[in-house]
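Colleague: Input run_19.txt, format and content: compact mmCIF, C-alpha atoms and all ligand atoms.
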# COMPACT_ATOMS: atom_id res chain seq x y z
CA MET M 1 13.15 -20.48 4.82
CA GLU M 2 12.87 -23.59 2.72
CA ILE M 3 9.69 -24.64 1.04
CA THR M 4 9.61 -28.12 -0.42
CA THR M 5 6.61 -30.11 -1.61
CA LYS M 6 3.24 -29.40 -3.18
CA HIS M 7 0.31 -29.35 -0.76
CA SER M 8 -3.43 -28.79 -0.50
CA PHE M 9 -4.76 -25.91 1.56
CA HIS M 10 -8.08 -25.92 3.39
CA GLY M 11 -9.82 -23.79 5.95
CA GLU M 12 -10.77 -20.28 6.95
CA LEU M 13 -8.65 -17.31 7.85
CA SER M 14 -8.90 -13.58 8.45
CA VAL M 15 -6.08 -11.56 6.94
CA PRO M 16 -4.78 -8.54 8.93
CA GLY M 17 -6.33 -5.10 8.62
CA ASP M 18 -5.98 -3.04 5.47
CA LYS M 19 -2.71 -1.11 5.33
CA SER M 20 -4.06 1.93 3.46
CA ILE M 21 -7.06 2.25 5.80
CA SER M 22 -4.98 1.70 8.96
CA HIS M 23 -2.59 4.53 8.02
CA ARG M 24 -5.45 6.88 7.30
CA GLY M 25 -7.25 6.09 10.58
CA ILE M 26 -4.21 7.29 12.54
CA MET M 27 -3.51 10.33 10.37
CA PHE M 28 -7.08 11.59 10.18
CA GLY M 29 -7.60 10.87 13.89
CA ALA M 30 -4.51 12.95 14.72
CA ILE M 31 -5.87 16.06 12.96
CA SER M 32 -9.44 15.62 14.24
CA ASN M 33 -10.87 16.77 17.56
CA GLY M 34 -11.22 14.17 20.29
CA LEU M 35 -10.85 10.42 20.34
CA THR M 36 -10.48 8.16 17.32
CA GLU M 37 -10.60 4.43 17.94
CA VAL M 38 -9.14 2.19 15.25
CA THR M 39 -9.95 -1.52 15.62
CA ASN M 40 -8.43 -4.36 13.57
CA PHE M 41 -5.54 -1.96 12.97
CA LEU M 42 -2.69 -3.49 10.95
CA GLN M 43 0.18 -3.98 13.39
CA GLY M 44 2.70 -4.07 10.54
CA ALA M 45 5.92 -2.09 10.47
CA ASP M 46 4.58 0.49 7.97
CA CYS M 47 1.54 1.44 10.04
CA LEU M 48 3.62 1.47 13.24
CA SER M 49 5.85 4.05 11.50
CA THR M 50 2.77 6.23 11.01
CA ILE M 51 1.94 5.96 14.72
CA SER M 52 5.45 6.91 15.79
CA CYS M 53 5.59 9.89 13.40
CA PHE M 54 2.36 11.34 14.81
CA GLN M 55 3.53 10.70 18.38
CA GLN M 56 6.58 12.79 17.53
CA LEU M 57 4.24 15.48 16.26
CA GLY M 58 2.72 15.66 19.75
CA ILE M 59 -0.31 13.37 19.36
CA PRO M 60 -0.92 10.90 22.23
CA ILE M 61 -1.57 7.46 20.70
CA GLU M 62 -2.22 4.26 22.68
CA ASN M 63 -1.77 0.89 20.97
CA ASP M 64 -2.71 -2.28 22.85
CA GLY M 65 -1.81 -4.58 19.96
CA SER M 66 -5.16 -4.63 18.21
CA ARG M 67 -7.04 -1.45 19.09
CA VAL M 68 -5.44 1.97 18.69
CA LEU M 69 -6.66 5.12 20.42
CA VAL M 70 -5.66 8.43 18.87
CA HIS M 71 -6.19 11.53 21.00
CA GLY M 72 -6.59 14.02 18.18
CA LYS M 73 -5.75 17.69 18.60
CA GLY M 74 -7.57 19.15 15.60
CA LEU M 75 -6.32 20.56 12.31
CA HIS M 76 -3.92 22.99 14.01
CA GLY M 77 -2.88 20.90 17.02
CA LEU M 78 0.34 19.27 15.77
CA SER M 79 3.63 20.49 17.24
CA ALA M 80 7.07 20.74 15.64
CA PRO M 81 9.00 17.46 15.90
CA SER M 82 12.27 17.59 17.81
CA GLN M 83 13.80 14.81 15.70
CA VAL M 84 13.83 13.57 12.12
CA LEU M 85 10.57 11.70 11.40
CA ASP M 86 11.45 8.13 10.37
CA VAL M 87 8.91 6.51 8.01
CA GLY M 88 10.87 3.24 7.72
CA ASN M 89 9.82 1.46 4.52
CA SER M 90 6.47 3.24 4.20
CA GLY M 91 5.81 5.33 1.10
CA THR M 92 2.22 5.93 2.21
CA THR M 93 3.39 7.44 5.51
CA LEU M 94 5.92 9.66 3.75
CA ARG M 95 3.68 10.98 1.00
CA LEU M 96 0.50 11.47 3.02
CA ILE M 97 2.20 13.04 6.04
CA SER M 98 3.92 15.49 3.70
CA GLY M 99 0.50 16.79 2.67
CA ILE M 100 -0.40 17.42 6.32
CA LEU M 101 3.02 18.93 7.15
CA ALA M 102 2.69 21.26 4.16
CA GLY M 103 -0.07 23.02 6.09
CA GLN M 104 1.82 23.42 9.39
CA SER M 105 3.62 26.60 10.41
CA PHE M 106 6.79 24.66 11.33
CA GLN M 107 9.56 22.73 9.60
CA SER M 108 9.77 18.93 9.63
CA THR M 109 12.46 16.63 8.28
CA LEU M 110 11.63 13.14 7.03
CA ASN M 111 13.75 10.10 6.32
CA GLY M 112 13.32 6.35 5.86
CA ASP M 113 15.13 3.15 4.92
CA ALA M 114 17.30 2.50 1.85
CA SER M 115 14.27 1.65 -0.32
CA ILE M 116 12.39 4.82 0.70
CA ARG M 117 15.43 6.96 -0.11
CA LYS M 118 15.18 5.80 -3.73
CA ARG M 119 11.46 6.41 -4.20
CA PRO M 120 10.37 9.43 -6.28
CA MET M 121 8.99 12.36 -4.28
CA LYS M 122 8.83 14.93 -7.07
CA ARG M 123 5.27 13.72 -7.64
CA ILE M 124 4.26 15.33 -4.31
CA PHE M 125 6.83 18.17 -4.28
CA VAL M 126 5.38 19.65 -7.50
CA PRO M 127 1.74 20.02 -6.38
CA LEU M 128 2.54 20.84 -2.74
CA SER M 129 5.04 23.51 -3.86
CA LYS M 130 2.36 25.02 -6.11
CA MET M 131 0.25 25.27 -2.95
CA GLY M 132 3.08 27.13 -1.16
CA ALA M 133 5.07 24.50 0.77
CA ARG M 134 8.86 24.48 0.43
CA PHE M 135 11.00 21.33 0.16
CA GLN M 136 14.73 20.76 0.46
CA CYS M 137 16.27 17.32 -0.17
CA TRP M 138 19.45 16.22 1.63
CA ASP M 139 22.27 13.99 0.45
CA SER M 140 21.62 10.73 2.29
CA GLY M 141 25.34 9.92 2.35
CA HIS M 142 26.00 12.79 4.76
CA PHE M 143 22.69 12.73 6.59
CA PRO M 144 21.91 13.34 9.46
CA GLU M 145 25.38 14.35 10.76
CA HIS M 146 25.78 16.88 7.95
CA ARG M 147 23.02 18.27 5.86
CA LYS M 148 24.33 18.63 2.34
CA LYS M 149 21.78 20.03 -0.13
CA THR M 150 21.00 17.93 -3.16
CA SER M 151 18.74 18.48 -6.12
CA SER M 152 17.56 14.84 -6.05
CA ASP M 153 13.85 14.35 -5.45
CA CYS M 154 14.06 11.70 -2.73
CA ALA M 155 14.11 11.46 1.07
CA PRO M 156 15.62 12.64 3.30
CA PHE M 157 13.99 16.04 2.93
CA THR M 158 12.72 18.99 4.93
CA VAL M 159 9.30 20.49 4.42
CA GLN M 160 8.53 24.04 5.46
CA GLY M 161 4.78 24.39 5.71
CA GLY M 162 2.52 27.39 6.16
CA LYS M 163 -0.60 28.99 4.76
CA LEU M 164 -1.44 27.29 1.51
CA ASN M 165 -3.08 28.28 -1.76
CA HIS M 166 -5.76 26.14 -3.30
CA VAL M 167 -5.07 24.42 -6.62
CA HIS M 168 -6.75 22.30 -9.21
CA TYR M 169 -4.02 19.79 -9.88
CA TYR M 170 -4.12 17.51 -12.91
CA SER M 171 -1.97 14.62 -11.75
CA PRO M 172 0.06 12.93 -14.49
CA ILE M 173 -0.21 9.61 -12.60
CA ALA M 174 -3.07 7.70 -10.99
CA SER M 175 -1.71 7.61 -7.45
CA ALA M 176 -3.77 7.64 -4.26
CA GLN M 177 -0.69 8.73 -2.35
CA VAL M 178 -0.32 11.84 -4.52
CA LYS M 179 -4.06 12.54 -4.51
CA SER M 180 -4.26 12.11 -0.73
CA ALA M 181 -1.26 14.37 -0.06
CA ILE M 182 -2.93 17.15 -2.06
CA LEU M 183 -6.35 16.66 -0.46
CA LEU M 184 -4.79 16.72 3.02
CA ALA M 185 -2.89 19.91 2.16
CA GLY M 186 -6.20 21.24 0.83
CA LEU M 187 -7.54 21.15 4.40
CA TYR M 188 -5.18 24.10 5.00
CA GLY M 189 -5.84 25.89 1.69
CA ASP M 190 -7.45 29.26 0.96
CA GLY M 191 -10.22 27.82 -1.22
CA ILE M 192 -11.46 24.60 -2.78
CA THR M 193 -8.60 22.26 -3.76
CA LYS M 194 -9.22 19.79 -6.57
CA VAL M 195 -7.27 16.83 -7.92
CA THR M 196 -7.99 15.18 -11.25
CA GLU M 197 -6.31 11.86 -11.98
CA PRO M 198 -5.88 10.19 -15.38
CA VAL M 199 -7.73 7.18 -13.87
CA LEU M 200 -9.39 6.95 -10.45
CA SER M 201 -7.04 5.52 -7.80
CA ARG M 202 -8.12 3.99 -4.46
CA ASN M 203 -10.59 6.33 -2.74
CA HIS M 204 -10.11 5.52 0.96
CA THR M 205 -9.09 9.11 1.72
CA GLU M 206 -12.26 10.53 0.19
CA LEU M 207 -14.50 8.01 1.99
CA MET M 208 -12.83 8.22 5.39
CA LEU M 209 -12.19 11.98 5.50
CA SER M 210 -15.83 12.55 4.68
CA GLY M 211 -16.73 10.31 7.66
CA PHE M 212 -14.55 12.54 9.89
CA GLY M 213 -16.59 15.56 8.74
CA ALA M 214 -14.59 16.97 5.83
CA ASP M 215 -16.45 18.59 2.95
CA ILE M 216 -15.26 16.46 0.09
CA LEU M 217 -16.87 15.64 -3.24
CA SER M 218 -15.79 13.14 -5.88
CA ALA M 219 -17.00 12.70 -9.42
CA ASP M 220 -15.27 10.40 -11.90
CA ALA M 221 -11.55 10.90 -11.37
CA THR M 222 -11.81 14.32 -9.70
CA ALA M 223 -11.97 14.95 -5.95
CA ALA M 224 -12.58 18.36 -4.38
CA ILE M 225 -12.06 19.39 -0.76
CA TRP M 226 -13.09 22.51 1.16
CA PRO M 227 -10.58 24.02 3.65
CA GLU M 228 -10.74 24.30 7.44
CA PRO M 229 -13.49 21.78 8.26
CA LYS M 230 -14.13 20.79 11.86
CA LEU M 231 -13.01 17.18 11.91
CA GLU M 232 -14.38 14.97 14.71
CA GLY M 233 -12.80 11.73 15.97
CA GLN M 234 -14.45 8.50 14.77
CA ALA M 235 -14.60 4.78 15.47
CA ILE M 236 -13.00 3.02 12.51
CA HIS M 237 -13.14 -0.74 12.05
CA VAL M 238 -10.51 -1.67 9.48
CA PRO M 239 -11.49 -4.42 7.02
CA GLY M 240 -9.03 -7.19 6.08
CA ASP M 241 -6.51 -6.15 3.45
CA ILE M 242 -7.33 -7.38 -0.05
CA SER M 243 -3.63 -6.99 -0.88
CA SER M 244 -2.88 -9.61 1.80
CA ALA M 245 -5.88 -11.73 0.74
CA ALA M 246 -4.36 -11.82 -2.77
CA TYR M 247 -1.69 -14.33 -1.66
CA PHE M 248 -4.38 -16.70 -0.40
CA ILE M 249 -6.47 -16.17 -3.54
CA ALA M 250 -3.42 -17.21 -5.57
CA LEU M 251 -2.67 -20.10 -3.18
CA GLY M 252 -6.23 -21.46 -3.29
CA LEU M 253 -6.48 -21.19 -7.08
CA ILE M 254 -3.15 -22.80 -8.02
CA SER M 255 -2.82 -25.47 -5.31
CA PRO M 256 -4.44 -28.86 -5.96
CA ASN M 257 -7.66 -29.85 -4.14
CA SER M 258 -7.78 -26.65 -2.12
CA GLU M 259 -10.56 -24.50 -0.71
CA ILE M 260 -9.94 -21.37 1.36
CA LEU M 261 -12.44 -18.96 2.89
CA ILE M 262 -10.90 -15.54 3.51
CA GLN M 263 -13.15 -13.67 5.89
CA ASN M 264 -13.80 -9.95 6.29
CA VAL M 265 -11.93 -8.58 3.27
CA GLY M 266 -12.29 -5.00 1.99
CA VAL M 267 -13.64 -5.20 -1.57
CA ASN M 268 -13.81 -1.51 -2.46
CA PRO M 269 -14.03 -1.46 -6.28
CA THR M 270 -10.99 0.85 -6.47
CA ARG M 271 -9.00 -2.00 -4.86
CA SER M 272 -10.60 -5.23 -6.01
CA GLY M 273 -9.04 -5.65 -9.46
CA VAL M 274 -7.33 -8.84 -8.32
CA LEU M 275 -10.77 -10.45 -8.13
CA THR M 276 -11.68 -9.28 -11.64
CA ALA M 277 -8.34 -10.52 -12.98
CA ALA M 278 -8.58 -13.90 -11.23
CA LEU M 279 -12.15 -14.38 -12.50
CA ALA M 280 -11.01 -13.48 -16.03
CA MET M 281 -8.35 -16.21 -15.67
CA GLY M 282 -11.07 -18.75 -14.91
CA GLY M 283 -10.68 -18.67 -11.11
CA ASN M 284 -13.40 -20.25 -8.98
CA ILE M 285 -14.06 -17.36 -6.60
CA SER M 286 -17.27 -16.32 -4.83
CA LEU M 287 -18.01 -13.28 -2.71
CA LEU M 288 -20.18 -14.12 0.30
CA ASN M 289 -21.85 -12.07 3.01
CA LYS M 290 -21.36 -8.67 1.32
CA ARG M 291 -21.74 -5.76 3.74
CA THR M 292 -20.51 -2.21 4.50
CA VAL M 293 -18.20 -1.54 7.46
CA SER M 294 -17.00 1.98 8.37
CA GLY M 295 -18.09 3.17 4.92
CA GLU M 296 -16.13 0.47 3.07
CA PRO M 297 -17.57 -2.54 1.20
CA VAL M 298 -16.55 -5.85 2.82
CA ALA M 299 -17.13 -9.53 1.92
CA ASP M 300 -15.87 -13.05 2.64
CA ILE M 301 -14.01 -14.55 -0.32
CA LEU M 302 -14.28 -18.26 -1.09
CA VAL M 303 -11.52 -19.60 -3.37
CA LYS M 304 -11.29 -23.11 -4.86
CA SER M 305 -8.60 -24.82 -6.95
CA SER M 306 -9.03 -23.88 -10.60
CA SER M 307 -7.57 -24.49 -14.04
CA LEU M 308 -6.44 -21.00 -14.92
CA HIS M 309 -5.81 -19.49 -18.33
CA GLY M 310 -3.95 -16.34 -19.34
CA THR M 311 -5.53 -12.90 -19.69
CA ALA M 312 -4.74 -9.29 -20.58
CA ILE M 313 -4.48 -6.72 -17.79
CA GLY M 314 -4.04 -3.00 -18.45
CA GLY M 315 -5.54 0.49 -18.68
CA SER M 316 -7.91 1.63 -15.96
CA GLN M 317 -7.69 -1.81 -14.27
CA ILE M 318 -4.10 -1.18 -13.19
CA PRO M 319 -4.65 1.16 -10.19
CA THR M 320 -7.24 -1.31 -8.83
CA LEU M 321 -4.66 -4.10 -8.59
CA ILE M 322 -1.26 -2.40 -8.63
CA ASP M 323 -0.02 -3.98 -5.38
CA GLU M 324 -1.39 -7.40 -6.33
CA ILE M 325 0.55 -7.76 -9.60
CA PRO M 326 3.32 -9.91 -8.04
CA ALA M 327 0.63 -12.35 -6.78
CA ILE M 328 -1.20 -12.20 -10.14
CA ALA M 329 2.10 -12.97 -11.90
CA ILE M 330 2.35 -16.18 -9.86
CA MET M 331 -1.21 -17.15 -10.89
CA ALA M 332 -0.24 -16.38 -14.49
CA ALA M 333 2.80 -18.67 -14.27
CA PHE M 334 0.44 -21.52 -13.33
CA ALA M 335 -2.12 -20.64 -16.03
CA GLU M 336 -2.29 -22.06 -19.54
CA GLY M 337 -1.30 -19.52 -22.19
CA SER M 338 0.00 -15.98 -21.89
CA THR M 339 -0.84 -13.17 -19.50
CA ILE M 340 0.09 -9.72 -20.79
CA ILE M 341 0.34 -6.85 -18.28
CA THR M 342 0.59 -3.31 -19.70
CA ASP M 343 0.30 0.30 -18.39
CA ALA M 344 1.89 -0.73 -15.09
CA GLN M 345 5.08 1.37 -15.20
CA GLU M 346 4.33 2.41 -11.57
CA LEU M 347 5.59 -1.07 -10.61
CA ARG M 348 9.10 0.21 -11.27
CA VAL M 349 8.92 2.64 -8.31
CA LYS M 350 7.37 0.47 -5.60
CA GLU M 351 9.28 -1.06 -2.65
CA SER M 352 11.39 -2.72 -5.35
CA ASP M 353 11.26 -2.46 -9.15
CA ARG M 354 8.56 -5.13 -9.29
CA ILE M 355 8.79 -5.64 -13.05
CA ALA M 356 12.46 -6.56 -12.57
CA THR M 357 12.08 -8.51 -9.32
CA VAL M 358 9.09 -10.57 -10.48
CA THR M 359 10.83 -11.34 -13.79
CA GLU M 360 14.14 -12.31 -12.20
CA ASN M 361 12.60 -14.61 -9.60
CA LEU M 362 9.98 -16.28 -11.80
CA ASN M 363 12.58 -16.97 -14.48
CA ALA M 364 14.93 -18.38 -11.81
CA MET M 365 12.16 -20.88 -10.97
CA GLY M 366 11.84 -21.98 -14.61
CA GLY M 367 9.07 -19.55 -15.56
CA ASP M 368 8.95 -17.72 -18.87
CA VAL M 369 8.61 -13.96 -18.32
CA THR M 370 9.62 -11.13 -20.64
CA PRO M 371 9.74 -7.74 -18.96
CA THR M 372 8.58 -4.64 -20.83
CA GLU M 373 8.89 -0.96 -19.96
CA ASP M 374 5.38 -0.90 -18.47
CA GLY M 375 4.64 -4.49 -17.55
CA MET M 376 5.47 -8.04 -18.51
CA ALA M 377 4.45 -10.99 -20.66
CA ILE M 378 4.14 -14.25 -18.73
CA ARG M 379 3.87 -17.47 -20.69
CA GLY M 380 2.28 -19.82 -18.20
CA GLY M 381 2.10 -23.55 -17.78
CA LYS M 382 5.87 -24.16 -17.53
CA PRO M 383 6.61 -26.42 -14.53
CA LEU M 384 8.30 -24.35 -11.81
CA HIS M 385 11.20 -25.62 -9.72
CA GLY M 386 12.58 -24.32 -6.45
CA ALA M 387 15.17 -21.53 -6.55
CA GLN M 388 16.96 -19.01 -4.35
CA ILE M 389 14.57 -16.02 -4.26
CA LYS M 390 15.98 -12.51 -4.01
CA THR M 391 13.33 -10.40 -2.29
CA TYR M 392 15.17 -7.06 -2.43
CA GLY M 393 13.58 -6.45 0.97
CA ASP M 394 10.16 -6.23 -0.71
CA HIS M 395 7.38 -7.80 1.39
CA ARG M 396 5.15 -8.47 -1.60
CA ILE M 397 7.93 -10.32 -3.45
CA ALA M 398 8.62 -12.51 -0.39
CA MET M 399 4.93 -13.43 -0.01
CA SER M 400 4.21 -13.98 -3.72
CA PHE M 401 7.19 -16.30 -4.14
CA THR M 402 6.29 -18.23 -1.01
CA ILE M 403 3.04 -19.10 -2.82
CA ALA M 404 4.99 -20.05 -5.96
CA GLY M 405 7.45 -22.13 -3.92
CA LEU M 406 4.64 -24.07 -2.29
CA ASN M 407 3.58 -25.21 -5.78
CA ALA M 408 7.03 -25.79 -7.30
CA ASP M 409 9.14 -28.94 -7.43
CA GLY M 410 12.03 -28.96 -4.98
CA GLU M 411 13.30 -26.42 -2.55
CA THR M 412 12.75 -22.67 -2.60
CA THR M 413 14.87 -20.49 -0.32
CA PHE M 414 14.73 -16.78 0.46
CA ASP M 415 17.49 -14.27 1.20
CA ASP M 416 15.11 -12.35 3.49
CA ARG M 417 11.79 -13.69 4.67
CA ASP M 418 11.32 -11.21 7.53
CA CYS M 419 10.43 -8.28 5.26
CA VAL M 420 6.82 -9.57 5.39
CA THR M 421 6.50 -7.76 8.74
CA VAL M 422 5.96 -4.56 6.73
CA SER M 423 2.37 -5.56 5.94
CA TYR M 424 1.72 -9.11 7.23
CA PRO M 425 3.66 -10.16 10.33
CA SER M 426 1.73 -13.47 10.77
CA PHE M 427 1.93 -14.51 7.10
CA TYR M 428 3.88 -17.75 7.55
CA GLU M 429 1.82 -18.88 10.56
CA ASP M 430 -1.40 -18.24 8.62
CA ILE M 431 -0.19 -20.40 5.73
CA LYS M 432 0.71 -23.23 8.13
CA LYS M 433 -2.83 -23.14 9.57
CA LEU M 434 -4.26 -24.03 6.14
CA LEU M 435 -1.87 -26.88 5.44
CA ASN M 436 -3.37 -30.36 5.35
C1 LIG K 1 -1.41 3.40 -1.39
C2 LIG K 1 -1.43 3.70 -2.70
C3 LIG K 1 -0.69 2.96 -3.73
C4 LIG K 1 -0.21 1.61 -3.22
C5 LIG K 1 0.37 1.71 -1.85
C6 LIG K 1 -0.64 2.26 -0.87
C7 LIG K 1 -2.20 4.23 -0.43
O1 LIG K 1 0.44 3.72 -4.11
O2 LIG K 1 0.74 1.06 -4.11
O3 LIG K 1 0.80 0.43 -1.41
O4 LIG K 1 -2.43 3.79 0.70
O5 LIG K 1 -2.60 5.33 -0.83
P1 LIG K 1 0.31 4.84 -5.26
O6 LIG K 1 -0.76 5.73 -4.83
O7 LIG K 1 1.61 5.55 -5.33
O8 LIG K 1 0.00 4.06 -6.50
Would you write out, as structure tokens, the structure that this file holds?
Ligand code: S3P
Modeller:
Amino acid sequence: MEITTKHSFHGELSVPGDKSISHRGIMFGAISNGLTEVTNFLQGADCLSTISCFQQLGIPIENDGSRVLVHGKGLHGLSAPSQVLDVGNSGTTLRLISGILAGQSFQSTLNGDASIRKRPMKRIFVPLSKMGARFQCWDSGHFPEHRKKTSSDCAPFTVQGGKLNHVHYYSPIASAQVKSAILLAGLYGDGITKVTEPVLSRNHTELMLSGFGADILSADATAAIWPEPKLEGQAIHVPGDISSAAYFIALGLISPNSEILIQNVGVNPTRSGVLTAALAMGGNISLLNKRTVSGEPVADILVKSSSLHGTAIGGSQIPTLIDEIPAIAIMAAFAEGSTIITDAQELRVKESDRIATVTENLNAMGGDVTPTEDGMAIRGGKPLHGAQIKTYGDHRIAMSFTIAGLNADGETTFDDRDCVTVSYPSFYEDIKKLLN
């Protein structure tokens, strides 16, 4: 795709459903009794991978393109898959499903795309092994024709589940995927399972599982879950994804004479750090019509063109905006002064190494970014010019640099624009709707 001139953007839009919440609706519905209805489900490739994995585990799931019906079979109703479970590009599917599979009396084998096969799984193998599950990784070069054992800690791997012990796990990283995998395994434990994180990560699992009837308590950065609850199917309405809204927040703030209303966005405080960061940069942002939907805080976000300035982002803020850092980096490139991002080493193990991919692409456009081990320093205010963007198949890189390209001089091209289907299939059409 080529993007050429600078434009103004006006109007209203609703971004697709939240990815984290959509995944959890399917997973928790599958292990609950009776019907779960998920509306405004994100029909992106990642969440569709979750549906197909649970179908292979024997759960009937109907998807009419917006509403999904999950015919749950209870905590012990899954059946052994006859094939390798393919999670595609989805780390959330892989890590959370592993927690559930750890509690099953059968073996399952999981695999995914080239990016997934590089992502670290030791972070879930360690706690789930302490609970009693067994993991074996396979050399992806020989897989699936031949299964050659490897000591790497990546997919493809087999998990042998069974009766689990309870643990109190002190996680070395603030990761909702790790926390959720342990809490889900804790449903099959022999006592109360607890997870303490260094900093609280997104708490959708705690909120939604409690709505399904789990006994779960959270205080500060510790969550505790009681085993063998009777989970009952629920109606879940998924709010718009703040991670997808982030591109339109950036677009509205940096584009001249623009005003965008993003409706129905989840603003859970464990996810809304992009708002705090944008406000700290001088962004003109208001939250309207605040309400609670399916246990999650929701609001409409009004964004207007702003003169941004640099800021410092780090510490306990990082888990609240980890997926939005590529979009924040684009805002920072258009801000006066420096933006310094620290404590974000997790960026190195996302769908791409986002410290490297943001740095490479912003510098190719004439930006001034210095990468560090755990973040980056962005000196803003340099005029950006079009460039050839290398997405590394990372949806968030493709979307962030589309926003940059729309505000750069000259032409910006992309090696792969279709990777946006992972989380936002209608991204380009939605941008066009705001063009005037
Ligand atoms: C997610 C948690 C985050 C986030 C990912 C979705 C989730 O990952 O980056 O896109 O749904 O739990 P980590 O928990 O590994 O930080």
Colleague: Please list as a PyMOL selection string every residue within 12 Å of M:Ser175, counting only C-alpha atoms and excluding residues in the same chain fewer than 6 positions away.
Modeller: chain M and resi 91-92+95-96+123-124+181-182+195-203+205+221+270+318-320+322-323+344+346-347+349-350
Colleague: Nearest residue to ligand LIG 1 (chain K) out of M:Ile389, M:Ala223, M:Leu308, M:Leu321, using all atoms listed in the file?
Modeller: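 Checking each of M:Ile389, M:Ala223, M:Leu308, M:Leu321 against ligand LIG 1 (chain K), counting all atoms listed in the file, the winner is M:Leu321.
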Colleague: So how many Å separate atom CA of M:Asn436 and atom CA of M:Ser8, to one decimal?
Modeller: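 These atoms are spaced 6.1 Å apart.
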Colleague: Using only C-alpha atoms and all ligand atoms, pick whichever of M:Ala174, M:Ala398, M:Val238, M:Ile59 has the shortest atom-to-atom distance to ligand LIG 1 (chain K).
Modeller: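 The closest residue to ligand LIG 1 (chain K) is M:Ala174.
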Colleague: For ligand LIG 1 (chain K), which residue among M:Ile116, M:Ala277, M:Val178, M:Ile26 is the nearest when counting all atoms listed in the file?
Modeller: M:Val178
Colleague: Extract, using all atoms listed in the file, all DNA, RNA and protein residues at most 8 Å from M:Gln43, discarding same-chain residues fewer than 4 positions from it, and format them as an MDAnalysis selection string.
Modeller: chainID M and resid 47:48 65:66 423 425
Colleague: Put the listed atoms of ligand LIG 1 (chain K) in a box along x, y and z with 8 Å added on every side and give me the centre and edge lengths in Å to one decimal, as AutoDock Vina command-line options.
Modeller:
--center_x -0.5 --center_y 3.1 --center_z -2.9 --size_x 20.2 --size_y 21.3 --size_z 23.2
Colleague: Would you please work out which residue, of M:Leu128, M:Val159, M:Asp64, M:Val15, is nearest to M:Gln107 when using all atoms listed in the file?
Modeller: M:Val159
Colleague: Between atom CA of M:Met121 and atom CA of M:Ala155, measure the distance and give it in Å to one decimal.
Modeller: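 Interatomic distance, atom CA of M:Met121 to atom CA of M:Ala155: 7.5 Å.
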Colleague: Pick from M:Asn40, M:Ser115, M:Asn165, M:Ser52: nearest to M:Ser352, with all atoms listed in the file counted?
Modeller: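 Among the listed residues, the smallest separation from M:Ser352 belongs to M:Ser115.
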Colleague: Just checking: using all atoms listed in the file, which residue out of M:Leu110, M:Ala327, M:Val420, M:Met376 ends up closest to M:Thr342?
Modeller: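 Looking only at the distances to M:Thr342, the closest residue turns out to be M:Met376.
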Colleague: What's the separation between atom CA of M:Val167 and atom CA of M:Ile100, in Å to one decimal place?
Modeller: 15.4 Å
Colleague: Name the residues in contact with M:Pro239 at a cut-off of 12 Å, using all atoms listed in the file, excluding same-chain residues fewer than 6 positions from it; report them as an MDAnalysis selection string.
Modeller: chainID M and resid 14:22 25 38:42 204 245 262:268 291:300
Colleague: Please list as a JSON list (two decimals) with C-alpha atoms, in the frame of the given file every residue within 9 Å of M:Arg117, counting only C-alpha atoms and excluding residues in the same chain fewer than 3 positions away.
Modeller:
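part32.json, written as the output of this step:
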[["chain", "number", "residue", "atom", "x", "y", "z"],
["M", 111, "ASN", "CA", 13.75, 10.10, 6.32],
["M", 112, "GLY", "CA", 13.32, 6.35, 5.86],
["M", 113, "ASP", "CA", 15.13, 3.15, 4.92],
["M", 114, "ALA", "CA", 17.30, 2.50, 1.85],
["M", 120, "PRO", "CA", 10.37, 9.43, -6.28],
["M", 140, "SER", "CA", 21.62, 10.73, 2.29],
["M", 154, "CYS", "CA", 14.06, 11.70, -2.73],
["M", 155, "ALA", "CA", 14.11, 11.46, 1.07],
["M", 156, "PRO", "CA", 15.62, 12.64, 3.30]]
Colleague: Compile the contact shell of M:Leu75 as a tab-separated table (two decimals) with C-alpha atoms, in the frame of the given file: residues with an atom at most 12 Å away, counting only C-alpha atoms, same-chain residues fewer than 6 positions apart removed.
Modeller:
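Generated output (around-v3.tsv):
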chain	number	residue	atom	x	y	z
M	27	MET	CA	-3.51	10.33	10.37
M	28	PHE	CA	-7.08	11.59	10.18
M	29	GLY	CA	-7.60	10.87	13.89
M	30	ALA	CA	-4.51	12.95	14.72
M	31	ILE	CA	-5.87	16.06	12.96
M	32	SER	CA	-9.44	15.62	14.24
M	33	ASN	CA	-10.87	16.77	17.56
M	34	GLY	CA	-11.22	14.17	20.29
M	59	ILE	CA	-0.31	13.37	19.36
M	100	ILE	CA	-0.40	17.42	6.32
M	101	LEU	CA	3.02	18.93	7.15
M	103	GLY	CA	-0.07	23.02	6.09
M	104	GLN	CA	1.82	23.42	9.39
M	105	SER	CA	3.62	26.60	10.41
M	184	LEU	CA	-4.79	16.72	3.02
M	185	ALA	CA	-2.89	19.91	2.16
M	186	GLY	CA	-6.20	21.24	0.83
M	187	LEU	CA	-7.54	21.15	4.40
M	188	TYR	CA	-5.18	24.10	5.00
M	189	GLY	CA	-5.84	25.89	1.69
M	212	PHE	CA	-14.55	12.54	9.89
M	213	GLY	CA	-16.59	15.56	8.74
M	214	ALA	CA	-14.59	16.97	5.83
M	227	PRO	CA	-10.58	24.02	3.65
M	228	GLU	CA	-10.74	24.30	7.44
M	229	PRO	CA	-13.49	21.78	8.26
M	230	LYS	CA	-14.13	20.79	11.86
M	231	LEU	CA	-13.01	17.18	11.91
M	232	GLU	CA	-14.38	14.97	14.71
M	233	GLY	CA	-12.80	11.73	15.97
